[in-house]
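Enquirer: Sharing start33.cif (mmCIF, C-alpha atoms) below.
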data_target
loop_
_atom_site.label_atom_id
_atom_site.label_comp_id
_atom_site.auth_asym_id
_atom_site.auth_seq_id
_atom_site.Cartn_x
_atom_site.Cartn_y
_atom_site.Cartn_z
CA MET A 1 2.30 -11.99 -5.36
CA THR A 2 4.12 -11.26 -2.16
CA CYS A 3 2.67 -7.86 -1.23
CA ASP A 4 0.83 -8.01 2.10
CA ALA A 5 -1.45 -5.13 1.06
CA CYS A 6 -2.44 -6.91 -2.18
CA LEU A 7 -2.93 -10.19 -0.30
CA GLY A 8 -5.30 -8.49 2.18
CA ARG A 9 -2.98 -9.29 5.08
CA TRP A 10 -2.42 -5.65 5.94
CA PRO A 11 -4.07 -3.59 7.30
CA ASP A 12 -6.45 -5.71 9.40
CA PRO A 13 -9.85 -5.69 7.65
CA GLY A 14 -11.41 -5.02 11.07
CA ASP A 15 -9.73 -1.60 11.06
CA ARG A 16 -11.37 -0.51 7.82
CA ILE A 17 -12.99 2.93 7.98
CA ALA A 18 -14.21 3.48 4.43
CA ASP A 19 -13.61 2.85 0.73
CA LEU A 20 -12.74 6.26 -0.72
CA GLY A 21 -12.42 5.17 -4.36
CA ALA A 22 -8.73 4.99 -5.26
CA THR A 23 -7.80 4.17 -1.67
CA VAL A 24 -9.24 2.47 1.40
CA ALA A 25 -8.95 4.19 4.79
CA TYR A 26 -8.04 2.18 7.89
CA LEU A 27 -7.55 3.14 11.51
CA HIS A 28 -3.84 2.68 12.29
CA VAL A 29 -3.25 -0.20 14.69
CA ASP A 30 -1.35 2.09 17.12
CA GLN A 31 -3.56 4.87 18.46
CA PHE A 32 -0.96 6.51 20.71
CA PHE A 33 -1.53 9.50 18.41
CA PRO A 34 -5.35 9.54 18.41
CA GLY A 35 -6.93 9.40 14.98
CA TRP A 36 -3.85 8.11 13.09
CA THR A 37 -5.31 6.81 9.84
CA VAL A 38 -3.76 5.00 6.88
CA LEU A 39 -4.95 5.30 3.26
CA VAL A 40 -3.95 2.32 1.13
CA LEU A 41 -4.01 2.47 -2.67
CA GLN A 42 -6.41 -0.13 -4.06
CA HIS A 43 -3.99 -1.33 -6.75
CA HIS A 44 -0.31 -2.08 -6.54
CA ALA A 45 2.18 0.71 -7.17
CA THR A 46 5.15 1.92 -5.17
CA GLU A 47 5.92 5.45 -6.40
CA LEU A 48 3.76 8.43 -7.37
CA PHE A 49 5.38 8.62 -10.79
CA GLN A 50 4.10 5.13 -11.66
CA LEU A 51 0.51 6.41 -11.55
CA SER A 52 -1.41 8.24 -14.27
CA ARG A 53 -2.12 11.93 -13.80
CA GLU A 54 -5.78 11.04 -13.18
CA ALA A 55 -4.84 8.48 -10.53
CA ARG A 56 -2.58 11.01 -8.78
CA SER A 57 -5.33 13.60 -8.80
CA ALA A 58 -7.82 11.10 -7.34
CA LEU A 59 -5.27 10.16 -4.70
CA ILE A 60 -4.63 13.69 -3.49
CA GLU A 61 -8.37 14.40 -3.44
CA GLU A 62 -8.82 11.43 -1.11
CA LEU A 63 -5.89 12.51 1.06
CA SER A 64 -7.46 15.94 1.32
CA ARG A 65 -10.92 14.56 2.08
CA ALA A 66 -9.59 12.24 4.78
CA ALA A 67 -7.45 15.01 6.31
CA ALA A 68 -10.50 17.29 6.42
CA ALA A 69 -12.49 14.56 8.18
CA LEU A 70 -9.71 14.04 10.74
CA HIS A 71 -9.52 17.80 11.22
CA ALA A 72 -13.24 17.98 11.89
CA ALA A 73 -13.20 14.92 14.17
CA PHE A 74 -10.12 15.73 16.29
CA GLU A 75 -9.50 19.48 15.86
CA PRO A 76 -5.72 19.03 15.55
CA ILE A 77 -3.14 21.80 15.44
CA LYS A 78 -1.73 20.20 12.26
CA VAL A 79 -2.25 17.12 10.14
CA ASN A 80 0.88 15.16 9.12
CA TYR A 81 0.84 13.43 5.73
CA ALA A 82 3.46 10.79 4.94
CA CYS A 83 4.06 8.06 2.39
CA LEU A 84 7.21 6.18 3.38
CA GLY A 85 7.03 2.54 2.30
CA ASN A 86 10.36 1.48 3.74
CA VAL A 87 8.84 -1.74 5.12
CA LEU A 88 5.85 -2.19 2.79
CA PRO A 89 6.44 -0.36 -0.51
CA HIS A 90 2.80 -0.62 -1.73
CA LEU A 91 1.68 3.04 -1.78
CA HIS A 92 0.01 3.98 1.51
CA TRP A 93 -0.31 7.27 3.35
CA HIS A 94 -0.18 7.99 7.03
CA LEU A 95 -2.49 10.82 8.09
CA ILE A 96 -1.81 11.83 11.65
CA PRO A 97 -3.77 14.56 13.42
CA ARG A 98 -1.44 16.22 15.93
CA LEU A 99 -3.57 17.31 18.84
CA GLU A 100 -3.29 19.84 21.59
CA GLY A 101 -1.40 18.10 24.40
CA ASP A 102 0.73 16.07 21.97
CA PRO A 103 3.76 14.76 23.90
CA ALA A 104 6.23 16.00 21.25
CA PRO A 105 4.43 18.58 19.13
CA ARG A 106 7.49 19.61 17.12
CA GLU A 107 8.66 16.08 16.30
CA ALA A 108 7.71 13.58 13.62
CA VAL A 109 5.75 10.73 15.20
CA TRP A 110 8.56 8.34 14.27
CA ALA A 111 10.93 10.27 16.52
CA VAL A 112 8.69 9.74 19.56
CA PRO A 113 9.47 6.50 21.44
CA HIS A 114 6.25 5.13 22.96
CA ALA A 115 4.40 1.95 23.76
CA ALA A 116 1.79 1.25 21.09
CA VAL A 117 -1.78 1.99 22.18
CA ARG A 118 -4.11 -0.77 20.98
CA LEU A 119 -7.73 0.15 21.65
CA ASP A 120 -10.12 -2.55 22.83
CA GLY A 121 -13.01 -3.48 20.54
CA PRO A 122 -15.63 -0.91 21.62
CA ALA A 123 -13.16 1.99 21.80
CA ARG A 124 -11.81 1.02 18.40
CA ALA A 125 -15.29 0.78 16.88
CA GLU A 126 -16.18 4.15 18.36
CA ARG A 127 -13.11 5.80 16.87
CA ILE A 128 -13.71 4.25 13.45
CA ALA A 129 -17.34 5.37 13.54
CA ARG A 130 -16.30 8.88 14.52
CA ILE A 131 -13.98 9.25 11.52
CA ARG A 132 -16.46 7.55 9.20
CA GLY A 133 -19.14 10.01 10.29
CA HIS A 134 -16.98 12.95 9.31
CA LEU A 135 -16.05 11.32 5.99
CA SER A 136 -19.66 10.99 4.98
CA GLY A 137 -20.61 14.47 6.17
CA MET B 138 3.34 38.07 8.43
CA THR B 139 5.31 35.74 10.62
CA CYS B 140 5.81 32.76 8.31
CA ASP B 141 9.49 32.16 7.61
CA ALA B 142 8.67 30.55 4.25
CA CYS B 143 6.62 33.57 3.15
CA LEU B 144 9.33 35.94 4.42
CA GLY B 145 11.98 34.14 2.34
CA ARG B 146 13.92 33.17 5.48
CA TRP B 147 13.53 29.47 4.89
CA PRO B 148 14.82 27.57 3.02
CA ASP B 149 18.10 29.30 2.22
CA PRO B 150 17.81 30.81 -1.30
CA GLY B 151 21.26 29.35 -2.03
CA ASP B 152 19.75 25.87 -1.78
CA ARG B 153 17.20 26.50 -4.51
CA ILE B 154 17.05 23.79 -7.17
CA ALA B 155 14.19 24.90 -9.39
CA ASP B 156 10.84 26.66 -9.62
CA LEU B 157 8.35 23.92 -10.47
CA GLY B 158 5.26 26.15 -10.75
CA ALA B 159 3.13 25.69 -7.64
CA THR B 160 6.20 24.87 -5.56
CA VAL B 161 9.91 25.63 -5.40
CA ALA B 162 12.37 22.77 -4.86
CA TYR B 163 15.33 23.20 -2.50
CA LEU B 164 18.13 20.90 -1.45
CA HIS B 165 17.56 20.07 2.22
CA VAL B 166 20.22 21.59 4.43
CA ASP B 167 21.09 18.18 5.95
CA GLN B 168 22.40 15.79 3.30
CA PHE B 169 23.02 12.82 5.63
CA PHE B 170 20.41 11.13 3.41
CA PRO B 171 21.81 12.10 -0.01
CA GLY B 172 19.37 13.88 -2.27
CA TRP B 173 16.88 14.92 0.45
CA THR B 174 14.85 17.64 -1.26
CA VAL B 175 12.11 19.95 0.02
CA LEU B 176 9.25 21.30 -2.11
CA VAL B 177 7.74 24.49 -0.70
CA LEU B 178 4.35 25.77 -1.81
CA GLN B 179 4.65 29.24 -3.37
CA HIS B 180 1.67 30.66 -1.49
CA HIS B 181 0.70 30.31 2.14
CA ALA B 182 -1.52 27.40 3.16
CA THR B 183 -1.14 24.81 5.89
CA GLU B 184 -3.45 21.90 4.97
CA LEU B 185 -4.28 20.15 1.69
CA PHE B 186 -7.99 20.84 2.17
CA GLN B 187 -7.38 24.60 2.06
CA LEU B 188 -6.28 24.32 -1.58
CA SER B 189 -8.45 24.18 -4.68
CA ARG B 190 -8.74 20.90 -6.54
CA GLU B 191 -6.60 22.41 -9.32
CA ALA B 192 -3.91 23.48 -6.85
CA ARG B 193 -3.83 20.01 -5.29
CA SER B 194 -3.52 18.41 -8.70
CA ALA B 195 -0.64 20.74 -9.61
CA LEU B 196 1.01 19.96 -6.28
CA ILE B 197 0.94 16.19 -6.69
CA GLU B 198 2.20 16.52 -10.29
CA GLU B 199 5.21 18.44 -8.97
CA LEU B 200 5.78 15.92 -6.17
CA SER B 201 5.70 13.17 -8.76
CA ARG B 202 8.02 15.01 -11.14
CA ALA B 203 10.53 15.75 -8.39
CA ALA B 204 10.37 12.17 -7.09
CA ALA B 205 11.02 10.88 -10.61
CA ALA B 206 14.02 13.19 -10.92
CA LEU B 207 15.42 12.00 -7.58
CA HIS B 208 14.81 8.41 -8.66
CA ALA B 209 16.74 8.98 -11.87
CA ALA B 210 19.53 10.86 -10.10
CA PHE B 211 20.10 8.57 -7.09
CA GLU B 212 18.50 5.22 -8.02
CA PRO B 213 16.94 4.76 -4.58
CA ILE B 214 15.18 1.65 -3.32
CA LYS B 215 12.24 3.86 -2.31
CA VAL B 216 11.32 7.53 -2.22
CA ASN B 217 9.77 8.83 1.02
CA TYR B 218 7.20 11.65 0.73
CA ALA B 219 6.20 13.63 3.82
CA CYS B 220 4.40 16.85 4.67
CA LEU B 221 4.62 17.35 8.43
CA GLY B 222 4.64 21.04 9.32
CA ASN B 223 4.99 20.61 13.07
CA VAL B 224 7.60 23.37 13.25
CA LEU B 225 6.75 25.40 10.14
CA PRO B 226 3.12 24.82 9.11
CA HIS B 227 3.45 26.43 5.64
CA LEU B 228 2.89 23.46 3.28
CA HIS B 229 6.19 21.85 2.31
CA TRP B 230 7.10 18.33 1.33
CA HIS B 231 10.14 16.31 2.15
CA LEU B 232 11.22 13.99 -0.67
CA ILE B 233 13.87 11.60 0.53
CA PRO B 234 15.47 9.03 -1.75
CA ARG B 235 16.42 6.01 0.39
CA LEU B 236 19.54 4.54 -1.14
CA GLU B 237 21.23 1.19 -1.10
CA GLY B 238 23.46 1.22 1.97
CA ASP B 239 21.05 3.39 3.99
CA PRO B 240 21.99 3.07 7.68
CA ALA B 241 18.39 2.29 8.72
CA PRO B 242 16.51 1.23 5.59
CA ARG B 243 13.29 0.24 7.42
CA GLU B 244 13.05 3.39 9.54
CA ALA B 245 11.64 6.85 8.90
CA VAL B 246 14.51 9.33 8.61
CA TRP B 247 13.26 11.10 11.75
CA ALA B 248 13.90 7.94 13.75
CA VAL B 249 17.58 7.88 12.74
CA PRO B 250 19.80 9.89 15.12
CA HIS B 251 22.70 11.36 13.18
CA ALA B 252 24.93 14.40 12.88
CA ALA B 253 23.69 16.69 10.11
CA VAL B 254 25.79 16.55 6.95
CA ARG B 255 26.32 20.05 5.55
CA LEU B 256 28.01 19.90 2.18
CA ASP B 257 30.61 22.49 1.34
CA GLY B 258 29.91 24.92 -1.50
CA PRO B 259 31.20 22.91 -4.47
CA ALA B 260 29.68 19.61 -3.30
CA ARG B 261 26.39 21.37 -2.64
CA ALA B 262 26.38 23.04 -6.05
CA GLU B 263 27.18 19.71 -7.68
CA ARG B 264 24.27 18.00 -5.94
CA ILE B 265 21.85 20.79 -6.83
CA ALA B 266 22.99 20.68 -10.46
CA ARG B 267 22.56 16.91 -10.56
CA ILE B 268 18.94 17.08 -9.42
CA ARG B 269 18.23 20.10 -11.63
CA GLY B 270 19.57 18.20 -14.62
CA HIS B 271 17.12 15.37 -14.04
CA LEU B 272 14.24 17.80 -13.50
CA SER B 273 14.77 19.40 -16.86
CA GLY B 274 15.32 16.11 -18.66
#
Starting from the file, give its structure as structure tokens.
Expert:
Amino acid sequence: MTCDACLGRWPDPGDRIADLGATVAYLHVDQFFPGWTVLVLQHHATELFQLSREARSALIEELSRAAAALHAAFEPIKVNYACLGNVLPHLHWHLIPRLEGDPAPREAVWAVPHAAVRLDGPARAERIARIRGHLSG
Amino acid sequence: MTCDACLGRWPDPGDRIADLGATVAYLHVDQFFPGWTVLVLQHHATELFQLSREARSALIEELSRAAAALHAAFEPIKVNYACLGNVLPHLHWHLIPRLEGDPAPREAVWAVPHAAVRLDGPARAERIARIRGHLSG
């Protein structure tokens, strides 16, 4: 087993927001785009078509639920949804609320060079709690 | 009505691959990454959480079916799935097979500066037919 997601090496357990069922939500380590969240599938798969229809349906329900929570928490203009897996193929989804005042509102986040923003402990805990609150609401 | 997808102005009807039910698949205008396909929702919505559970389930089935077709057609290392909507918020999904020999295999396509590759008519028709063939298989 060489998958960092399966081994629990990624994401950092300290960044965990909530267990959603098929996936676990984590605050992304870089908060340059505030609220950037990652949903990681609980079991190992690398493509949508490897899942059962039921597993796909559960997955998109959790993506939708998490996006709704981010929308309520951050009031973005748009949520971005992306499953890339070029570095870590284990299925995981980036959910990125794109806020008013975004430095490059028409660009994908990956096209925006920036220094990573790593929140200190209290700010990180506050942001996790804020998203968690909207997930349970 | 000011949505270019709803008005039929985007994507180009000539790039249409197939009607999948909830979405229509088009060959992306830029084929620098060969096989890049876009699935456009048939009705107007901008976020997953605006859809019914049934509509979301249909959507992810079509994403999965199209990804499987691209996988069969291009044998990629990984398929990328992304719904951004920063420029055109009408729900649409980029499906990008990342092939052996990719110029930046660990990067999101949006982080890879490149000149757009616009296929000429016959090459374009061939690529559309190739994906269509795998969709119907």
Enquirer: List the residues matched by the PyMOL selection byres ((chain B) within 6 of (chain A)) in the displayed structure as a ChimeraX atom specification, ordered by chain and then by residue number.
Expert: /B:185-186,194,201,217-221,223-224,243,247-248
Enquirer: Counting all atoms listed in the file, figure out which residue out of A:Leu99, A:Ile128, A:Leu91, A:Ala115 gets nearest to Gln42 in chain A.
Expert: A:Leu91
Enquirer: Put chain A on top of chain B with a least-squares fit on all C-alpha atoms, paired in order, and send it back as a PDB file with C-alpha atoms, keeping the file's coordinate frame.
Expert:
ATOM      1  CA  MET A   1       3.324  38.060   8.398  1.00  0.00           C
ATOM      2  CA  THR A   2       5.314  35.766  10.603  1.00  0.00           C
ATOM      3  CA  CYS A   3       5.805  32.760   8.311  1.00  0.00           C
ATOM      4  CA  ASP A   4       9.497  32.150   7.609  1.00  0.00           C
ATOM      5  CA  ALA A   5       8.673  30.545   4.244  1.00  0.00           C
ATOM      6  CA  CYS A   6       6.609  33.578   3.154  1.00  0.00           C
ATOM      7  CA  LEU A   7       9.314  35.949   4.417  1.00  0.00           C
ATOM      8  CA  GLY A   8      11.968  34.133   2.338  1.00  0.00           C
ATOM      9  CA  ARG A   9      13.900  33.188   5.470  1.00  0.00           C
ATOM     10  CA  TRP A  10      13.520  29.474   4.864  1.00  0.00           C
ATOM     11  CA  PRO A  11      14.814  27.560   2.999  1.00  0.00           C
ATOM     12  CA  ASP A  12      18.118  29.302   2.210  1.00  0.00           C
ATOM     13  CA  PRO A  13      17.814  30.802  -1.294  1.00  0.00           C
ATOM     14  CA  GLY A  14      21.271  29.354  -2.024  1.00  0.00           C
ATOM     15  CA  ASP A  15      19.756  25.866  -1.780  1.00  0.00           C
ATOM     16  CA  ARG A  16      17.193  26.501  -4.502  1.00  0.00           C
ATOM     17  CA  ILE A  17      17.050  23.785  -7.164  1.00  0.00           C
ATOM     18  CA  ALA A  18      14.195  24.908  -9.395  1.00  0.00           C
ATOM     19  CA  ASP A  19      10.834  26.671  -9.611  1.00  0.00           C
ATOM     20  CA  LEU A  20       8.338  23.928 -10.469  1.00  0.00           C
ATOM     21  CA  GLY A  21       5.253  26.152 -10.750  1.00  0.00           C
ATOM     22  CA  ALA A  22       3.127  25.690  -7.631  1.00  0.00           C
ATOM     23  CA  THR A  23       6.196  24.869  -5.549  1.00  0.00           C
ATOM     24  CA  VAL A  24       9.907  25.637  -5.397  1.00  0.00           C
ATOM     25  CA  ALA A  25      12.380  22.783  -4.868  1.00  0.00           C
ATOM     26  CA  TYR A  26      15.326  23.211  -2.498  1.00  0.00           C
ATOM     27  CA  LEU A  27      18.125  20.901  -1.452  1.00  0.00           C
ATOM     28  CA  HIS A  28      17.562  20.069   2.232  1.00  0.00           C
ATOM     29  CA  VAL A  29      20.227  21.613   4.450  1.00  0.00           C
ATOM     30  CA  ASP A  30      21.099  18.186   5.950  1.00  0.00           C
ATOM     31  CA  GLN A  31      22.397  15.780   3.317  1.00  0.00           C
ATOM     32  CA  PHE A  32      23.016  12.819   5.632  1.00  0.00           C
ATOM     33  CA  PHE A  33      20.405  11.135   3.418  1.00  0.00           C
ATOM     34  CA  PRO A  34      21.812  12.085  -0.003  1.00  0.00           C
ATOM     35  CA  GLY A  35      19.375  13.874  -2.271  1.00  0.00           C
ATOM     36  CA  TRP A  36      16.879  14.924   0.447  1.00  0.00           C
ATOM     37  CA  THR A  37      14.857  17.653  -1.241  1.00  0.00           C
ATOM     38  CA  VAL A  38      12.109  19.954   0.019  1.00  0.00           C
ATOM     39  CA  LEU A  39       9.244  21.318  -2.113  1.00  0.00           C
ATOM     40  CA  VAL A  40       7.741  24.504  -0.695  1.00  0.00           C
ATOM     41  CA  LEU A  41       4.335  25.776  -1.812  1.00  0.00           C
ATOM     42  CA  GLN A  42       4.657  29.229  -3.369  1.00  0.00           C
ATOM     43  CA  HIS A  43       1.669  30.662  -1.485  1.00  0.00           C
ATOM     44  CA  HIS A  44       0.684  30.305   2.128  1.00  0.00           C
ATOM     45  CA  ALA A  45      -1.522  27.398   3.160  1.00  0.00           C
ATOM     46  CA  THR A  46      -1.153  24.818   5.897  1.00  0.00           C
ATOM     47  CA  GLU A  47      -3.447  21.913   4.964  1.00  0.00           C
ATOM     48  CA  LEU A  48      -4.279  20.161   1.689  1.00  0.00           C
ATOM     49  CA  PHE A  49      -7.980  20.825   2.157  1.00  0.00           C
ATOM     50  CA  GLN A  50      -7.380  24.594   2.063  1.00  0.00           C
ATOM     51  CA  LEU A  51      -6.280  24.336  -1.579  1.00  0.00           C
ATOM     52  CA  SER A  52      -8.465  24.192  -4.683  1.00  0.00           C
ATOM     53  CA  ARG A  53      -8.734  20.904  -6.543  1.00  0.00           C
ATOM     54  CA  GLU A  54      -6.593  22.418  -9.317  1.00  0.00           C
ATOM     55  CA  ALA A  55      -3.918  23.494  -6.838  1.00  0.00           C
ATOM     56  CA  ARG A  56      -3.848  20.008  -5.284  1.00  0.00           C
ATOM     57  CA  SER A  57      -3.514  18.410  -8.691  1.00  0.00           C
ATOM     58  CA  ALA A  58      -0.642  20.753  -9.609  1.00  0.00           C
ATOM     59  CA  LEU A  59       1.009  19.969  -6.290  1.00  0.00           C
ATOM     60  CA  ILE A  60       0.940  16.205  -6.691  1.00  0.00           C
ATOM     61  CA  GLU A  61       2.190  16.517 -10.273  1.00  0.00           C
ATOM     62  CA  GLU A  62       5.201  18.436  -8.969  1.00  0.00           C
ATOM     63  CA  LEU A  63       5.771  15.920  -6.175  1.00  0.00           C
ATOM     64  CA  SER A  64       5.701  13.163  -8.763  1.00  0.00           C
ATOM     65  CA  ARG A  65       8.019  15.012 -11.142  1.00  0.00           C
ATOM     66  CA  ALA A  66      10.532  15.755  -8.390  1.00  0.00           C
ATOM     67  CA  ALA A  67      10.388  12.166  -7.089  1.00  0.00           C
ATOM     68  CA  ALA A  68      11.030  10.875 -10.616  1.00  0.00           C
ATOM     69  CA  ALA A  69      14.043  13.185 -10.924  1.00  0.00           C
ATOM     70  CA  LEU A  70      15.429  11.995  -7.575  1.00  0.00           C
ATOM     71  CA  HIS A  71      14.816   8.409  -8.655  1.00  0.00           C
ATOM     72  CA  ALA A  72      16.748   8.963 -11.861  1.00  0.00           C
ATOM     73  CA  ALA A  73      19.557  10.854 -10.100  1.00  0.00           C
ATOM     74  CA  PHE A  74      20.095   8.559  -7.087  1.00  0.00           C
ATOM     75  CA  GLU A  75      18.514   5.203  -8.021  1.00  0.00           C
ATOM     76  CA  PRO A  76      16.951   4.743  -4.567  1.00  0.00           C
ATOM     77  CA  ILE A  77      15.180   1.640  -3.310  1.00  0.00           C
ATOM     78  CA  LYS A  78      12.233   3.871  -2.310  1.00  0.00           C
ATOM     79  CA  VAL A  79      11.329   7.535  -2.208  1.00  0.00           C
ATOM     80  CA  ASN A  80       9.763   8.852   1.031  1.00  0.00           C
ATOM     81  CA  TYR A  81       7.201  11.650   0.729  1.00  0.00           C
ATOM     82  CA  ALA A  82       6.204  13.623   3.823  1.00  0.00           C
ATOM     83  CA  CYS A  83       4.411  16.842   4.682  1.00  0.00           C
ATOM     84  CA  LEU A  84       4.610  17.348   8.442  1.00  0.00           C
ATOM     85  CA  GLY A  85       4.652  21.044   9.328  1.00  0.00           C
ATOM     86  CA  ASN A  86       4.974  20.605  13.068  1.00  0.00           C
ATOM     87  CA  VAL A  87       7.600  23.371  13.258  1.00  0.00           C
ATOM     88  CA  LEU A  88       6.747  25.398  10.138  1.00  0.00           C
ATOM     89  CA  PRO A  89       3.113  24.817   9.118  1.00  0.00           C
ATOM     90  CA  HIS A  90       3.443  26.436   5.643  1.00  0.00           C
ATOM     91  CA  LEU A  91       2.870  23.471   3.291  1.00  0.00           C
ATOM     92  CA  HIS A  92       6.182  21.858   2.330  1.00  0.00           C
ATOM     93  CA  TRP A  93       7.094  18.326   1.328  1.00  0.00           C
ATOM     94  CA  HIS A  94      10.142  16.301   2.156  1.00  0.00           C
ATOM     95  CA  LEU A  95      11.215  13.980  -0.659  1.00  0.00           C
ATOM     96  CA  ILE A  96      13.878  11.598   0.522  1.00  0.00           C
ATOM     97  CA  PRO A  97      15.480   9.016  -1.756  1.00  0.00           C
ATOM     98  CA  ARG A  98      16.426   6.011   0.380  1.00  0.00           C
ATOM     99  CA  LEU A  99      19.531   4.521  -1.147  1.00  0.00           C
ATOM    100  CA  GLU A 100      21.227   1.181  -1.094  1.00  0.00           C
ATOM    101  CA  GLY A 101      23.481   1.220   1.974  1.00  0.00           C
ATOM    102  CA  ASP A 102      21.046   3.374   3.973  1.00  0.00           C
ATOM    103  CA  PRO A 103      21.981   3.057   7.667  1.00  0.00           C
ATOM    104  CA  ALA A 104      18.380   2.280   8.713  1.00  0.00           C
ATOM    105  CA  PRO A 105      16.492   1.214   5.600  1.00  0.00           C
ATOM    106  CA  ARG A 106      13.298   0.239   7.419  1.00  0.00           C
ATOM    107  CA  GLU A 107      13.042   3.393   9.538  1.00  0.00           C
ATOM    108  CA  ALA A 108      11.649   6.854   8.895  1.00  0.00           C
ATOM    109  CA  VAL A 109      14.521   9.330   8.610  1.00  0.00           C
ATOM    110  CA  TRP A 110      13.265  11.082  11.744  1.00  0.00           C
ATOM    111  CA  ALA A 111      13.895   7.921  13.748  1.00  0.00           C
ATOM    112  CA  VAL A 112      17.575   7.860  12.751  1.00  0.00           C
ATOM    113  CA  PRO A 113      19.798   9.868  15.132  1.00  0.00           C
ATOM    114  CA  HIS A 114      22.702  11.368  13.165  1.00  0.00           C
ATOM    115  CA  ALA A 115      24.923  14.396  12.892  1.00  0.00           C
ATOM    116  CA  ALA A 116      23.691  16.673  10.112  1.00  0.00           C
ATOM    117  CA  VAL A 117      25.797  16.534   6.946  1.00  0.00           C
ATOM    118  CA  ARG A 118      26.304  20.042   5.560  1.00  0.00           C
ATOM    119  CA  LEU A 119      28.008  19.909   2.172  1.00  0.00           C
ATOM    120  CA  ASP A 120      30.644  22.509   1.342  1.00  0.00           C
ATOM    121  CA  GLY A 121      29.914  24.924  -1.502  1.00  0.00           C
ATOM    122  CA  PRO A 122      31.187  22.908  -4.494  1.00  0.00           C
ATOM    123  CA  ALA A 123      29.683  19.611  -3.305  1.00  0.00           C
ATOM    124  CA  ARG A 124      26.399  21.375  -2.648  1.00  0.00           C
ATOM    125  CA  ALA A 125      26.397  23.044  -6.067  1.00  0.00           C
ATOM    126  CA  GLU A 126      27.178  19.719  -7.702  1.00  0.00           C
ATOM    127  CA  ARG A 127      24.284  17.997  -5.964  1.00  0.00           C
ATOM    128  CA  ILE A 128      21.856  20.789  -6.838  1.00  0.00           C
ATOM    129  CA  ALA A 129      22.995  20.692 -10.462  1.00  0.00           C
ATOM    130  CA  ARG A 130      22.578  16.927 -10.560  1.00  0.00           C
ATOM    131  CA  ILE A 131      18.945  17.095  -9.422  1.00  0.00           C
ATOM    132  CA  ARG A 132      18.235  20.104 -11.627  1.00  0.00           C
ATOM    133  CA  GLY A 133      19.567  18.198 -14.629  1.00  0.00           C
ATOM    134  CA  HIS A 134      17.133  15.370 -14.039  1.00  0.00           C
ATOM    135  CA  LEU A 135      14.247  17.803 -13.494  1.00  0.00           C
ATOM    136  CA  SER A 136      14.771  19.400 -16.861  1.00  0.00           C
ATOM    137  CA  GLY A 137      15.288  16.098 -18.667  1.00  0.00           C
TER     138      GLY A 137
END
Enquirer: Run through the PyMOL selection byres ((chain B and resi 261) around 12) on the given coordinates and return the selected residues as number ranges by chain.
Expert: B: 151-154, 163-168, 171-173, 254-260, 262-268
Enquirer: Give the answer as one residue: which of A:Arg132, A:Leu7, A:Pro97, A:Leu41 has the shortest atom-to-atom distance to Phe74 in chain A, using all atoms listed in the file?
Expert: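 Looking at the shortest contact to Phe74 in chain A, the residue is A:Pro97.
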Enquirer: Can you measure CA of Asp239 in chain B to CA of Ala210 in chain B for me? One decimal in Å is fine.
Expert: 16.0 Å
